[in-house]
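One structure is given here, and the rest of the page talks about it.
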Amino acid sequence: MIKTILSFLVTVKEKIDKINPLLLAMTLFLIFLLLPLATYNHTTAGGDMAEYLNNPLRVINGDLPYRDFWLLFSPGEVFLPALIYKIFGLNINILLIFSVVITAFVGLF
């Protein structure tokens with residue numbers, strides 16, 4: 001029985017080794033992108049959604065982002081959405097779609 005299981009595992013490993021890595025990477029990227037893209041506008045951000053709007057708008061208007069002891073956002077969480085708003089306009093959906101694309105790249109890598 002153990003010999004049968006080992007031969008099966010060897011067969012599976014040989015099949016996996018024959019898979020083209022580029023095809024596998026593109027398939028994973030599409031899975032990581034298309035499934036969340038179907039629900040991009042249903043976020044779990046909750047109270048943080050105001051931060052996606054307020055801090056980048058402060059930067060666009062020339063102010064500094066809101067800072068206090070408990071709000072420790074990195075600069076990328078404020079200035080990158082501001083850049084996206086500057087390029088594509090003030091639409092939160094663009095930012096949520098961009099977040100899905102970044103998540104797909106993180107999942108791929």
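Labeling convention for the structure tokens: chains A, B, ... as they appear, residues from 1 per chain, ligands from 1 in order of appearance.
Shell of A:Phe98 at 12 Å, with only C-alpha atoms counted and residues fewer than 6 places along the chain excluded, is Leu33, Pro36, Leu37, Tyr40, Asn41, Leu80, Pro81, Leu83, Ile84, Tyr85, Phe88, Asn91, Ile92, Ala104 and Phe105 of chain A.
When the distance limit is 7 Å and only C-alpha atoms are what count, the residues near stretch 52-66 of chain A, minus those fewer than 6 positions from it on the same chain, are Val78, Phe79, Pro81 and Ala82 of chain A.
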Output N, CA and C atoms for every residue in the selection just made, as an mmCIF file, in the first residue's frame.
data_model
loop_
_atom_site.group_PDB
_atom_site.id
_atom_site.type_symbol
_atom_site.label_atom_id
_atom_site.label_comp_id
_atom_site.auth_asym_id
_atom_site.auth_seq_id
_atom_site.Cartn_x
_atom_site.Cartn_y
_atom_site.Cartn_z
ATOM 1 N N VAL A 78 -1.079 57.120 2.264
ATOM 2 C CA VAL A 78 -1.673 58.447 2.098
ATOM 3 C C VAL A 78 -1.334 59.020 0.721
ATOM 4 N N PHE A 79 -0.071 58.955 0.344
ATOM 5 C CA PHE A 79 0.370 59.620 -0.877
ATOM 6 C C PHE A 79 0.064 58.817 -2.142
ATOM 7 N N PRO A 81 -2.732 56.827 -2.673
ATOM 8 C CA PRO A 81 -4.112 57.154 -3.066
ATOM 9 C C PRO A 81 -4.263 58.581 -3.591
ATOM 10 N N ALA A 82 -3.479 59.511 -3.040
ATOM 11 C CA ALA A 82 -3.536 60.888 -3.556
ATOM 12 C C ALA A 82 -3.086 60.932 -5.011
#
Note to self: Let me make sure I understand: among A:Ile31, A:Glu77, A:Leu72, A:Ile87, which one has the smallest atom-to-atom distance to A:Val101 if we use only C-alpha atoms?
What the structure shows: A:Ile31
Next item on the list: Among the residues of chain A, find those DSSP assigns to helix (DSSP H, G or I) from the backbone and print them as an NGL selection string.
Entry: :A and (2-17 or 21-37 or 46-60 or 76-88 or 92-108)
Checklist line | d(atom CA of A:Ala38, atom CA of A:Val106) in Å | finding: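 Taking atom CA of A:Ala38 and atom CA of A:Val106, their separation equals 18.1 Å.
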